[in-house]
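Raw contents of run_36.txt, compact mmCIF, C-alpha atoms:
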```
# COMPACT_ATOMS: atom_id res chain seq x y z
CA MET A 14 -83.14 -158.39 2.75
CA ARG A 15 -82.82 -156.27 5.88
CA GLN A 16 -79.72 -154.75 4.36
CA TRP A 17 -81.06 -153.75 0.95
CA LEU A 18 -81.45 -150.06 1.63
CA HIS A 19 -78.00 -149.96 3.21
CA ARG A 20 -76.48 -151.73 0.23
CA MET A 21 -78.06 -149.42 -2.33
CA ASN A 22 -75.79 -147.09 -4.23
CA PRO A 23 -75.99 -143.67 -2.49
CA SER A 24 -76.28 -141.73 -5.76
CA VAL A 25 -79.08 -143.95 -7.04
CA LYS A 26 -80.86 -143.56 -3.72
CA PHE A 27 -80.33 -139.81 -3.82
CA VAL A 28 -81.74 -139.47 -7.33
CA ILE A 29 -84.76 -141.69 -6.62
CA ILE A 30 -85.61 -139.85 -3.43
CA THR A 31 -85.35 -136.46 -5.12
CA ILE A 32 -87.54 -137.53 -8.03
CA SER A 33 -90.16 -139.07 -5.71
CA MET A 34 -90.27 -135.88 -3.70
CA ILE A 35 -90.73 -133.64 -6.72
CA THR A 36 -93.49 -135.97 -7.96
CA MET A 37 -95.28 -135.74 -4.61
CA ALA A 38 -95.25 -131.94 -4.84
CA PHE A 39 -97.90 -132.02 -7.58
CA PHE A 40 -100.58 -133.66 -5.42
CA PHE A 41 -102.88 -131.79 -3.08
CA ASN A 42 -105.09 -134.64 -1.87
CA PRO A 43 -104.48 -136.17 1.57
CA TRP A 44 -104.23 -139.78 0.38
CA THR A 45 -101.18 -139.61 -1.87
CA PRO A 46 -98.74 -138.33 0.78
CA LEU A 47 -100.33 -140.50 3.48
CA VAL A 48 -99.96 -143.73 1.51
CA PHE A 49 -96.48 -142.68 0.47
CA PHE A 50 -95.54 -141.99 4.10
CA PHE A 51 -96.67 -145.44 5.23
CA GLY A 52 -94.93 -147.03 2.26
CA VAL A 53 -91.63 -145.39 3.16
CA VAL A 54 -91.97 -146.51 6.78
CA LEU A 55 -92.75 -150.02 5.54
CA PHE A 56 -89.61 -149.96 3.37
CA GLN A 57 -87.55 -149.09 6.41
CA LEU A 58 -89.16 -151.89 8.40
CA ALA A 59 -88.53 -154.43 5.65
CA PHE A 60 -85.25 -153.41 4.05
CA ALA A 61 -83.26 -151.57 6.70
CA LYS A 62 -82.04 -151.77 10.24
CA VAL A 63 -83.29 -148.62 11.85
CA SER A 64 -83.20 -147.54 15.49
CA TRP A 65 -86.86 -146.64 15.89
CA LYS A 66 -86.20 -144.72 19.07
CA ILE A 67 -83.93 -142.27 17.25
CA TRP A 68 -86.32 -142.32 14.31
CA GLY A 69 -89.14 -141.19 16.59
CA LEU A 70 -87.00 -138.48 18.16
CA MET A 71 -86.01 -137.10 14.76
CA MET A 72 -89.58 -137.24 13.45
CA LEU A 73 -90.93 -135.28 16.42
CA PRO A 74 -89.94 -131.77 15.24
CA PHE A 75 -91.50 -132.52 11.84
CA LEU A 76 -94.69 -133.66 13.50
CA LEU A 77 -94.79 -130.24 15.17
CA GLY A 78 -94.10 -128.61 11.80
CA ALA A 79 -96.91 -130.64 10.26
CA ILE A 80 -99.31 -129.33 12.90
CA GLY A 81 -98.20 -125.76 12.15
CA TYR A 82 -98.79 -126.44 8.47
CA PHE A 83 -102.22 -127.88 9.19
CA TRP A 84 -103.68 -124.88 10.93
CA THR A 85 -101.91 -122.38 8.64
CA THR A 86 -103.50 -124.01 5.59
CA LEU A 87 -106.84 -124.18 7.36
CA VAL A 88 -106.80 -120.48 8.29
CA PHE A 89 -104.97 -118.99 5.30
CA GLY A 90 -105.97 -121.61 2.74
CA ASN A 91 -106.88 -120.81 -0.85
CA ASP A 92 -109.11 -123.81 -1.51
CA ASN A 93 -112.73 -123.49 -0.43
CA ALA A 94 -113.92 -126.79 -1.87
CA ASP A 95 -112.05 -129.07 0.51
CA PRO A 96 -110.09 -127.01 3.08
CA ILE A 97 -109.53 -129.85 5.56
CA GLY A 98 -108.43 -132.21 2.81
CA THR A 99 -105.87 -129.73 1.49
CA ALA A 100 -104.64 -128.91 4.99
CA LEU A 101 -104.24 -132.61 5.76
CA SER A 102 -102.49 -133.09 2.44
CA LEU A 103 -99.82 -130.48 3.20
CA SER A 104 -99.30 -131.84 6.73
CA PHE A 105 -98.96 -135.40 5.44
CA ARG A 106 -96.58 -134.11 2.81
CA VAL A 107 -94.31 -132.79 5.56
CA LEU A 108 -94.40 -136.22 7.21
CA ALA A 109 -93.84 -138.07 3.92
CA PHE A 110 -90.82 -135.93 3.03
CA SER A 111 -89.33 -136.29 6.50
CA SER A 112 -89.67 -140.06 6.60
CA LEU A 113 -88.08 -140.24 3.15
CA SER A 114 -85.21 -138.06 4.34
CA LEU A 115 -84.71 -140.19 7.42
CA LEU A 116 -84.64 -143.27 5.21
CA PHE A 117 -81.71 -141.75 3.36
CA VAL A 118 -79.91 -140.49 6.45
CA PHE A 119 -80.24 -143.77 8.37
CA THR A 120 -79.09 -146.02 5.54
CA THR A 121 -76.28 -144.00 3.93
CA LYS A 122 -72.68 -143.64 5.08
CA PRO A 123 -71.67 -139.98 4.64
CA VAL A 124 -68.27 -140.71 3.11
CA ASP A 125 -69.70 -143.30 0.71
CA PHE A 126 -72.25 -140.73 -0.40
CA ILE A 127 -69.55 -138.27 -1.48
CA LEU A 128 -67.44 -141.03 -3.06
CA SER A 129 -70.49 -142.16 -5.00
CA LEU A 130 -71.31 -138.61 -6.14
CA MET A 131 -67.78 -138.48 -7.53
CA GLN A 132 -67.73 -141.95 -9.10
CA GLN A 133 -71.30 -142.19 -10.44
CA LEU A 134 -72.49 -138.61 -10.86
CA LYS A 135 -69.11 -137.22 -12.02
CA LEU A 136 -68.71 -134.68 -9.25
CA SER A 137 -65.29 -133.04 -9.63
CA PRO A 138 -62.69 -134.72 -7.34
CA LYS A 139 -61.48 -131.26 -6.41
CA ILE A 140 -64.86 -130.52 -4.84
CA ALA A 141 -65.51 -134.03 -3.55
CA TYR A 142 -62.23 -134.34 -1.67
CA SER A 143 -62.59 -130.80 -0.35
CA ILE A 144 -65.96 -131.75 1.13
CA LEU A 145 -64.37 -134.82 2.70
CA VAL A 146 -61.64 -132.58 4.16
CA GLY A 147 -64.30 -130.32 5.64
CA TYR A 148 -66.11 -133.34 7.03
CA GLN A 149 -62.92 -134.62 8.68
CA PHE A 150 -62.32 -131.20 10.24
CA LEU A 151 -65.73 -131.24 11.91
CA PRO A 152 -64.60 -132.57 15.31
CA VAL A 153 -61.63 -130.18 15.27
CA LEU A 154 -63.91 -127.23 14.59
CA LYS A 155 -66.28 -128.34 17.32
CA ASP A 156 -63.42 -128.40 19.84
CA GLU A 157 -62.27 -125.02 18.64
CA PHE A 158 -65.75 -123.59 19.10
CA VAL A 159 -65.75 -124.66 22.75
CA GLN A 160 -62.17 -123.47 23.29
CA ILE A 161 -62.82 -119.99 21.88
CA GLN A 162 -65.90 -119.64 24.04
CA GLN A 163 -64.02 -120.75 27.13
CA ALA A 164 -61.10 -118.44 26.38
CA GLN A 165 -63.47 -115.52 26.03
CA GLN A 166 -65.25 -116.39 29.25
CA LEU A 167 -61.90 -116.48 31.04
CA ARG A 168 -61.30 -112.95 29.83
CA GLY A 169 -64.62 -111.89 31.31
CA ILE A 170 -67.09 -111.89 28.40
CA VAL A 171 -70.54 -112.68 29.76
CA LYS A 172 -73.05 -114.64 27.69
CA PRO A 173 -76.07 -112.41 27.03
CA LYS A 174 -79.35 -113.72 28.36
CA SER A 175 -81.78 -112.62 25.68
CA PRO A 176 -81.87 -114.99 22.69
CA VAL A 177 -81.62 -112.20 20.11
CA LYS A 178 -78.48 -110.79 21.72
CA GLY A 179 -77.22 -114.34 22.10
CA ILE A 180 -77.46 -114.87 18.33
CA LEU A 181 -75.75 -111.54 17.63
CA ALA A 182 -73.00 -112.38 20.14
CA MET A 183 -72.18 -115.49 18.11
CA ARG A 184 -70.07 -113.25 15.88
CA HIS A 185 -67.43 -113.07 18.62
CA VAL A 186 -66.89 -116.80 18.22
CA LEU A 187 -67.64 -117.00 14.52
CA ILE A 188 -64.97 -114.57 13.32
CA PRO A 189 -62.01 -116.28 15.05
CA MET A 190 -63.36 -119.62 13.83
CA LEU A 191 -63.54 -118.42 10.24
CA ALA A 192 -60.07 -116.91 10.45
CA GLY A 193 -58.82 -120.27 11.72
CA ALA A 194 -60.67 -122.02 8.91
CA VAL A 195 -58.89 -119.86 6.32
CA ARG A 196 -55.49 -120.89 7.69
CA LYS A 197 -56.47 -124.56 7.96
CA ALA A 198 -57.67 -124.52 4.36
CA GLU A 199 -54.34 -123.16 3.17
CA ARG A 200 -52.28 -125.71 5.10
CA THR A 201 -54.47 -128.62 4.02
CA ALA A 202 -54.39 -127.60 0.36
CA PHE A 203 -50.59 -127.41 0.47
CA ALA A 204 -50.43 -130.83 2.10
CA MET A 205 -52.74 -132.34 -0.53
CA GLU A 206 -50.79 -130.87 -3.41
CA ALA A 207 -47.50 -131.94 -1.88
CA ARG A 208 -48.82 -135.52 -1.96
CA GLY A 209 -49.66 -135.25 -5.64
CA PHE A 210 -53.35 -134.35 -5.58
CA THR A 211 -54.19 -132.65 -8.86
CA GLY A 212 -57.99 -132.66 -8.76
CA ASP A 213 -58.17 -134.16 -12.27
CA SER A 214 -60.96 -136.61 -12.91
CA ASP A 215 -58.74 -139.31 -14.47
CA ARG A 216 -57.70 -140.68 -11.14
CA THR A 217 -57.89 -144.03 -9.38
CA PHE A 218 -59.93 -144.74 -6.27
CA TYR A 219 -58.94 -146.69 -3.17
CA LYS A 220 -62.58 -147.49 -2.53
CA ARG A 221 -65.01 -148.17 -5.37
CA VAL A 222 -68.73 -147.62 -4.91
CA THR A 223 -70.73 -149.67 -7.41
CA ILE A 224 -74.25 -150.06 -8.75
CA GLY A 225 -75.72 -153.54 -8.42
CA ARG A 226 -78.87 -155.62 -8.70
CA THR A 227 -80.19 -154.32 -5.38
CA ASP A 228 -80.33 -150.86 -6.93
CA PHE A 229 -82.47 -152.11 -9.78
CA TRP A 230 -84.99 -153.86 -7.52
CA MET A 231 -85.20 -151.01 -5.02
CA THR A 232 -85.79 -148.57 -7.89
CA VAL A 233 -88.66 -150.76 -9.08
CA MET A 234 -90.10 -150.77 -5.55
CA PHE A 235 -89.91 -146.99 -5.25
CA VAL A 236 -91.55 -146.46 -8.63
CA LEU A 237 -94.34 -148.86 -7.60
CA LEU A 238 -94.82 -147.02 -4.32
CA VAL A 239 -95.10 -143.67 -6.09
CA LEU A 240 -97.63 -145.13 -8.56
CA ILE A 241 -99.71 -146.71 -5.79
CA SER A 242 -99.73 -143.42 -3.86
CA ILE A 243 -100.89 -141.53 -6.93
CA TYR A 244 -103.58 -144.14 -7.57
CA ALA A 245 -104.76 -143.88 -3.95
CA GLY A 246 -104.98 -140.12 -4.37
CA ILE A 247 -107.08 -140.35 -7.51
CA THR A 248 -109.53 -142.95 -6.20
CA GLY A 249 -109.60 -141.91 -2.51
CA PRO A 250 -112.71 -140.07 -1.24
CA ALA A 251 -112.67 -136.34 -0.52
CA ILE A 252 -112.68 -135.39 3.16
CA GLN A 253 -115.46 -132.82 2.75
CA LYS A 254 -118.16 -132.82 0.14
CA MET B 24 -65.09 -123.58 -14.56
CA LEU B 25 -63.05 -125.28 -11.85
CA LYS B 26 -59.78 -125.07 -13.79
CA SER B 27 -59.20 -121.50 -12.61
CA TRP B 28 -59.74 -122.45 -8.98
CA LYS B 29 -56.78 -123.01 -6.70
CA LEU B 30 -57.11 -125.98 -4.40
CA LYS B 31 -56.78 -123.76 -1.33
CA GLU B 32 -59.80 -121.81 -2.49
CA VAL B 33 -61.90 -124.95 -2.88
CA VAL B 34 -60.84 -126.24 0.55
CA LEU B 35 -61.60 -122.83 2.02
CA MET B 36 -65.10 -123.02 0.57
CA SER B 37 -65.55 -126.42 2.12
CA LEU B 38 -64.36 -125.38 5.59
CA PHE B 39 -66.63 -122.33 5.51
CA ALA B 40 -69.42 -124.63 4.41
CA VAL B 41 -68.77 -126.78 7.49
CA VAL B 42 -68.82 -123.83 9.89
CA PHE B 43 -71.99 -122.44 8.35
CA GLY B 44 -73.49 -125.90 7.91
CA ILE B 45 -73.45 -126.19 11.71
CA ILE B 46 -74.99 -122.73 12.09
CA TYR B 47 -77.63 -123.55 9.48
CA LEU B 48 -78.59 -126.62 11.49
CA MET B 49 -78.92 -124.59 14.68
CA PHE B 50 -81.29 -122.20 12.94
CA LEU B 51 -83.21 -125.08 11.44
CA HIS B 52 -84.00 -126.38 14.92
CA LEU B 53 -84.96 -122.87 15.98
CA GLY B 54 -87.31 -122.63 12.99
CA ASN B 55 -88.76 -126.08 13.67
CA VAL B 56 -89.80 -125.18 17.19
CA TRP B 57 -91.27 -121.90 16.02
CA SER B 58 -93.13 -123.41 13.09
CA ALA B 59 -95.33 -125.56 15.31
CA VAL B 60 -96.70 -122.37 16.81
CA ILE B 61 -96.96 -119.99 13.87
CA GLY B 62 -96.79 -122.34 10.88
CA PRO B 63 -94.38 -122.32 7.93
CA ILE B 64 -94.04 -118.53 8.10
CA ALA B 65 -91.73 -119.14 11.08
CA TYR B 66 -88.84 -119.86 8.75
CA GLU B 67 -89.27 -116.71 6.69
CA TRP B 68 -87.85 -114.26 9.28
CA ILE B 69 -84.61 -116.16 9.62
CA PHE B 70 -84.35 -117.39 6.04
CA GLY B 71 -81.53 -114.98 5.22
CA ILE B 72 -79.10 -116.86 7.44
CA TRP B 73 -79.22 -119.80 5.02
CA PHE B 74 -77.87 -117.67 2.15
CA ILE B 75 -74.98 -116.10 4.01
CA VAL B 76 -72.19 -118.47 3.01
CA SER B 77 -72.74 -117.63 -0.69
CA ILE B 78 -72.19 -113.95 -0.04
CA ILE B 79 -69.21 -114.39 2.27
CA VAL B 80 -67.30 -116.79 0.03
CA MET B 81 -68.09 -114.79 -3.12
CA ALA B 82 -66.85 -111.62 -1.41
CA ILE B 83 -63.56 -113.36 -0.61
CA ILE B 84 -62.85 -115.40 -3.75
CA ARG B 85 -64.71 -113.45 -6.49
CA LYS B 86 -64.80 -116.16 -9.13
CA PRO B 87 -67.74 -117.68 -11.02
CA GLY B 88 -69.26 -120.41 -8.84
CA ALA B 89 -68.14 -118.93 -5.52
CA ALA B 90 -71.77 -118.40 -4.51
CA VAL B 91 -73.45 -121.58 -5.67
CA ILE B 92 -70.73 -124.10 -4.80
CA PRO B 93 -70.26 -123.26 -1.09
CA GLU B 94 -74.03 -123.11 -0.56
CA THR B 95 -74.36 -126.58 -2.08
CA MET B 96 -71.40 -127.82 -0.05
CA ALA B 97 -72.97 -126.50 3.16
CA ALA B 98 -76.14 -128.40 2.30
CA ALA B 99 -74.12 -131.56 1.58
CA ILE B 100 -72.34 -131.20 4.93
CA GLU B 101 -75.68 -130.80 6.68
CA VAL B 102 -76.84 -134.04 5.08
CA MET B 103 -73.59 -135.79 6.05
CA LEU B 104 -74.15 -134.70 9.65
CA GLY B 105 -77.29 -136.82 9.61
CA ASN B 106 -79.72 -133.98 9.35
CA ALA B 107 -83.32 -135.08 9.12
CA VAL B 108 -84.25 -132.74 6.27
CA GLY B 109 -82.06 -134.98 4.18
CA PRO B 110 -81.22 -134.98 0.49
CA ARG B 111 -83.73 -132.34 -0.56
CA LEU B 112 -81.52 -129.81 1.25
CA ILE B 113 -78.89 -130.31 -1.45
CA LEU B 114 -81.35 -129.33 -4.15
CA ALA B 115 -82.40 -126.34 -2.04
CA GLY B 116 -78.74 -125.39 -1.63
CA VAL B 117 -78.10 -125.45 -5.37
CA ILE B 118 -81.17 -123.33 -6.07
CA GLN B 119 -80.48 -120.73 -3.36
CA GLY B 120 -76.86 -120.53 -4.42
CA LEU B 121 -77.89 -119.95 -8.03
CA GLY B 122 -80.10 -117.07 -6.92
CA ALA B 123 -77.15 -115.30 -5.31
CA GLU B 124 -74.83 -116.31 -8.15
CA ALA B 125 -77.18 -114.75 -10.73
CA VAL B 126 -76.77 -111.31 -9.15
CA PHE B 127 -72.98 -111.53 -9.08
CA ALA B 128 -72.95 -112.88 -12.64
CA ALA B 129 -75.07 -109.91 -13.74
CA THR B 130 -72.24 -107.60 -12.60
CA ARG B 131 -69.79 -109.92 -14.40
CA TYR B 132 -68.12 -110.53 -11.05
CA ARG B 133 -66.79 -106.98 -11.02
CA GLN B 134 -68.79 -105.17 -8.38
CA PHE B 135 -68.60 -106.09 -4.74
CA ASN B 136 -70.32 -103.74 -2.34
CA LEU B 137 -73.12 -103.71 0.19
CA ALA B 138 -75.85 -103.01 -2.38
CA ILE B 139 -74.77 -105.98 -4.51
CA TYR B 140 -74.57 -108.25 -1.45
CA MET B 141 -78.08 -107.24 -0.41
CA MET B 142 -79.34 -107.88 -3.93
CA ALA B 143 -77.63 -111.26 -3.94
CA GLY B 144 -79.34 -112.10 -0.63
CA ALA B 145 -82.65 -111.05 -2.14
CA GLY B 146 -81.90 -113.06 -5.30
CA ALA B 147 -81.27 -116.18 -3.24
CA ALA B 148 -84.57 -115.51 -1.45
CA VAL B 149 -86.50 -115.24 -4.72
CA PHE B 150 -85.03 -118.47 -6.12
CA SER B 151 -85.55 -120.38 -2.87
CA PHE B 152 -89.13 -119.13 -2.68
CA VAL B 153 -89.96 -120.57 -6.08
CA TYR B 154 -88.58 -123.91 -4.92
CA GLY B 155 -90.45 -123.66 -1.62
CA TYR B 156 -93.63 -122.73 -3.45
CA LEU B 157 -93.51 -126.02 -5.34
CA LEU B 158 -92.34 -128.41 -2.60
CA GLY B 159 -94.18 -126.68 0.25
CA GLY B 160 -97.44 -126.57 -1.66
CA PHE B 161 -97.85 -122.81 -1.16
CA ALA B 162 -100.30 -122.88 -4.08
CA ALA B 163 -102.87 -124.10 -1.57
CA LEU B 164 -102.47 -120.96 0.54
CA ALA B 165 -104.18 -117.61 0.06
CA PRO B 166 -102.22 -115.33 -2.33
CA GLU B 167 -102.05 -112.50 0.25
CA TYR B 168 -100.49 -114.85 2.78
CA VAL B 169 -97.99 -116.16 0.23
CA LEU B 170 -97.10 -112.59 -0.72
CA LEU B 171 -96.48 -111.76 2.93
CA MET B 172 -94.18 -114.78 3.24
CA PHE B 173 -92.38 -113.74 0.08
CA VAL B 174 -91.80 -110.15 1.22
CA ILE B 175 -90.50 -111.26 4.61
CA ARG B 176 -88.16 -113.77 3.00
CA VAL B 177 -86.71 -111.26 0.53
CA MET B 178 -86.16 -108.74 3.32
CA SER B 179 -84.58 -111.39 5.49
CA GLY B 180 -82.28 -112.36 2.60
CA ALA B 181 -81.21 -108.78 1.97
CA ILE B 182 -80.71 -107.92 5.65
CA ILE B 183 -79.33 -111.07 7.26
CA ALA B 184 -77.37 -112.43 4.28
CA GLY B 185 -76.51 -109.08 2.65
CA ILE B 186 -75.74 -106.81 5.59
CA GLY B 187 -74.75 -109.65 7.93
CA GLY B 188 -72.49 -111.16 5.29
CA LYS B 189 -70.82 -107.84 4.58
CA TYR B 190 -70.26 -107.29 8.30
CA LEU B 191 -68.65 -110.72 8.78
CA VAL B 192 -66.44 -110.33 5.70
CA ASP B 193 -65.19 -106.94 6.86
CA ALA B 194 -64.45 -108.29 10.31
CA LEU B 195 -62.64 -111.26 8.80
CA LEU B 196 -60.65 -108.99 6.50
CA ALA B 197 -59.54 -106.99 9.53
CA THR B 198 -58.00 -110.11 11.08
CA GLY B 199 -55.50 -110.20 8.22
CA SER B 200 -56.06 -113.87 7.48
CA LEU B 201 -57.39 -113.25 3.97
CA ARG B 202 -54.10 -112.22 2.39
CA GLY B 203 -53.60 -114.07 -0.86
CA TYR B 204 -57.28 -114.03 -1.82
CA ALA B 205 -59.00 -111.85 -4.42
CA ILE B 206 -60.65 -109.67 -1.79
CA THR B 207 -57.34 -108.10 -0.72
CA LYS B 208 -55.91 -107.84 -4.25
CA ARG B 209 -58.85 -106.07 -5.85
CA ASP B 210 -59.28 -103.65 -2.98
CA ALA B 211 -55.62 -102.68 -3.21
CA HIS B 212 -56.09 -101.67 -6.85
CA ALA B 213 -59.21 -99.62 -6.19
```
Can the structure from this file be put into structure tokens for me?
Amino acid sequence: MRQWLHRMNPSVKFVIITISMITMAFFFNPWTPLVFFFGVVLFQLAFAKVSWKIWGLMMLPFLLGAIGYFWTTLVFGNDNADPIGTALSLSFRVLAFSSLSLLFVFTTKPVDFILSLMQQLKLSPKIAYSILVGYQFLPVLKDEFVQIQQAQQLRGIVKPKSPVKGILAMRHVLIPMLAGAVRKAERTAFAMEARGFTGDSDRTFYKRVTIGRTDFWMTVMFVLLVLISIYAGITGPAIQK
Amino acid sequence: MLKSWKLKEVVLMSLFAVVFGIIYLMFLHLGNVWSAVIGPIAYEWIFGIWFIVSIIVMAIIRKPGAAVIPETMAAAIEVMLGNAVGPRLILAGVIQGLGAEAVFAATRYRQFNLAIYMMAGAGAAVFSFVYGYLLGGFAALAPEYVLLMFVIRVMSGAIIAGIGGKYLVDALLATGSLRGYAITKRDAHA
């Protein structure tokens, strides 16, 4: 059972999470997102192996964002009937969305996600394999980023101290990186075509990603959670009368 | 739609999406820190950066889809990197990309100049704002405040994505690495 979320089909998970999130967007009471948030955390406790230390670290910026949301809604809010309730609702919504995102990120293998998008959601292989190429190039591009910076420092370019100038100075690294990316893309495309890659969708797959019974039961659980959250929102008391 | 695309163009989109995916993430962290202090409006100033890959790739390849696909790819790459905003970024990417794509489609993919790029940046801003309005619950905020956010975002889209994108494309063109792409062919005719 601790593996259920990991075993779920990435596309199914993706679709469920997106639908849940859009559903949540229609509720402005504090209870719905709060209950949903705790439900999602509970799911991760029960059906996934999650490093809670990293989870906490990744939640932290969103907690800050939630605080920003809270006072913004309080000060610039539109709702005079229950300002604190609405402000809490939007802050909890930030937390609910973030925990749901972390659930996806922690339980999904990136490559399986793209393979599943191609096999279940009919994403064009041309695009899917190109994304995988880009993903594989990531470490190379990271190295290149450091190398270009070091080369420029050797030639006497000083890093500007002010953050605004620092962002503008990124162009000195960005342009050589993009030029390199253009050449890499050309070489890689040639190599793929030379090995018989056509990009047609009637192809075979070395690794098959499937939909199973776990997907059915997890979908049922998610639907239940959304319904319970909505119910809690309808019956829950208002913060201010 | 994809039949007319050469593989090297699709791979190019993906590699650009990776480079900008990393930059997008850097700005996301920047926005996160800011937003604790000044609330969700913190993202509006820098929002334009998240549209830039649409404009750059469209300027280079000039085919239908060259705005929406790389933006979506960049979002997918961000998710693959283990970004905590997660799958909803992909939806955001599609919607922003469509906003920029709509402007280029309106010119029937024939006009490519600074004004069009700025309009595409603004178009992406408008589309992304509608999406943000729903998911971010902006309906609960005062209309004046929402209007202020909207204006800042559209300006950011036009300036950072439009002007910034044009600047980067011109600089990239000057390196000579874009030979064999539509950007060099069309300009030669004109």
Would you kindly return, as a ChimeraX atom specification, each protein, DNA or RNA residue with an atom no farther than 12 Å from any atom of Gly88 of chain B, considering all atoms listed in the file and excluding same-chain residues fewer than 3 positions away? /A:140 /B:24-28,32-33,36,77-78,80-82,84-85,91-96,117,120-128,131-132
Select from chain A every residue with an atom at most 7 Å from any atom of chain B, then for each give the shortest pair of atoms and their distance in Å to one decimal, using all atoms listed in the file, rows by chain and rising number, as CSV.
```
residue,atom,partner,partner_atom,distance
A:Phe27,CA,B:Pro110,CA,6.5
A:Thr31,CA,B:Arg111,CA,6.4
A:Ile35,CA,B:Leu158,CA,6.8
A:Ala38,CA,B:Leu158,CA,5.1
A:Met71,CA,B:Ala107,CA,6.6
A:Pro74,CA,B:Asn55,CA,6.0
A:Leu77,CA,B:Ala59,CA,4.7
A:Gly78,CA,B:Ala59,CA,4.8
A:Ile80,CA,B:Ala59,CA,6.0
A:Gly81,CA,B:Gly62,CA,3.9
A:Tyr82,CA,B:Gly62,CA,5.2
A:Thr85,CA,B:Gly62,CA,5.6
A:Thr86,CA,B:Leu164,CA,6.0
A:Phe89,CA,B:Ala165,CA,5.5
A:Gly90,CA,B:Leu164,CA,4.2
A:Asn91,CA,B:Ala165,CA,4.3
A:Asp92,CA,B:Ala163,CA,6.2
A:Leu103,CA,B:Gly160,CA,6.7
A:Ser111,CA,B:Val108,CA,6.2
A:Ser114,CA,B:Gly109,CA,4.4
A:Leu115,CA,B:Ala107,CA,5.6
A:Phe117,CA,B:Gly109,CA,6.8
A:Val118,CA,B:Gly105,CA,5.5
A:Pro123,CA,B:Met103,CA,4.8
A:Ile140,CA,B:Val33,CA,6.6
A:Ser143,CA,B:Val34,CA,5.0
A:Ile144,CA,B:Ser37,CA,5.4
A:Gly147,CA,B:Leu38,CA,4.9
A:Tyr148,CA,B:Ile100,CA,6.9
A:Leu151,CA,B:Val41,CA,7.0
A:Ile188,CA,B:Leu195,CA,6.1
A:Leu191,CA,B:Phe39,CA,6.9
A:Ala192,CA,B:Ser200,CA,5.8
A:Ala194,CA,B:Leu38,CA,6.0
A:Val195,CA,B:Leu35,CA,5.9
A:Ala198,CA,B:Leu35,CA,4.9
A:Glu199,CA,B:Lys31,CA,5.2
A:Ala202,CA,B:Lys31,CA,4.8
```
Measuring atom to atom with all atoms listed in the file, identify which of A:Arg15, A:Lys220, A:Met21, A:Phe105 is nearest to Val48 of chain A.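 Once distances to Val48 of chain A are computed over all atoms listed in the file, the minimum belongs to A:Phe105.
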Excluding segment 244-250 of chain A and residues on its chain fewer than 5 positions from it, collect all residues at most 8 Å away from it, counting all atoms listed in the file, and give them as a PDB file with C-alpha atoms, in the coordinates of the input.
```pdb
ATOM      1  CA  PHE A  40    -100.580-133.660  -5.420  1.00  0.00           C
ATOM      2  CA  ASN A  42    -105.090-134.640  -1.870  1.00  0.00           C
ATOM      3  CA  PRO A  43    -104.480-136.170   1.570  1.00  0.00           C
ATOM      4  CA  TRP A  44    -104.230-139.780   0.380  1.00  0.00           C
ATOM      5  CA  THR A  45    -101.180-139.610  -1.870  1.00  0.00           C
ATOM      6  CA  VAL A  48     -99.960-143.730   1.510  1.00  0.00           C
TER       7      VAL A  48
END
```
Give me, please, the distance in Å between atom CA of Asp228 of chain A and atom CA of Lys66 of chain A, quoted to one decimal.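 Separating atom CA of Asp228 of chain A from atom CA of Lys66 of chain A is a distance of 27.4 Å.
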What is the distance between atom CA of Val153 of chain B and atom CA of Met178 of chain B, in Å to one decimal?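 Separation of atom CA of Val153 of chain B and atom CA of Met178 of chain B: 15.6 Å.
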Hey, which of B:Ile69, B:Leu48, B:Ile75, B:Ile83 ends up closest to Tyr204 of chain B? Count all atoms listed in the file. B:Ile83
Pull the neighbourhood of (-86.1, -152.0, 8.3) for me: all residues within 10 Å in file coordinates, counting all atoms listed in the file, as a PyMOL selection string. chain A and resi 14-19+54-65+116+120
Suppose we keep C-alpha atoms; can you now write the selection as a tab-separated table (two decimals), keeping the file's coordinate frame?
```tsv
chain	number	residue	atom	x	y	z
A	14	MET	CA	-83.14	-158.39	2.75
A	15	ARG	CA	-82.82	-156.27	5.88
A	16	GLN	CA	-79.72	-154.75	4.36
A	17	TRP	CA	-81.06	-153.75	0.95
A	18	LEU	CA	-81.45	-150.06	1.63
A	19	HIS	CA	-78.00	-149.96	3.21
A	54	VAL	CA	-91.97	-146.51	6.78
A	55	LEU	CA	-92.75	-150.02	5.54
A	56	PHE	CA	-89.61	-149.96	3.37
A	57	GLN	CA	-87.55	-149.09	6.41
A	58	LEU	CA	-89.16	-151.89	8.40
A	59	ALA	CA	-88.53	-154.43	5.65
A	60	PHE	CA	-85.25	-153.41	4.05
A	61	ALA	CA	-83.26	-151.57	6.70
A	62	LYS	CA	-82.04	-151.77	10.24
A	63	VAL	CA	-83.29	-148.62	11.85
A	64	SER	CA	-83.20	-147.54	15.49
A	65	TRP	CA	-86.86	-146.64	15.89
A	116	LEU	CA	-84.64	-143.27	5.21
A	120	THR	CA	-79.09	-146.02	5.54
```
What is the atom CA of Gly69 of chain A-atom CA of Phe119 of chain A distance in Å, reported with one decimal?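 The value is 12.4 Å.
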Leaving out segment 135-138 of chain A and any residue of its chain fewer than 3 positions from it, which residues lie within 9 Å of it when counting only C-alpha atoms, given as a list in words? Ile127, Leu128, Ser129, Leu130, Met131, Gln132, Ala141, Tyr142, Ser143, Thr211, Gly212, Asp213, Ser214 and Arg216 of chain A; Leu25 of chain B
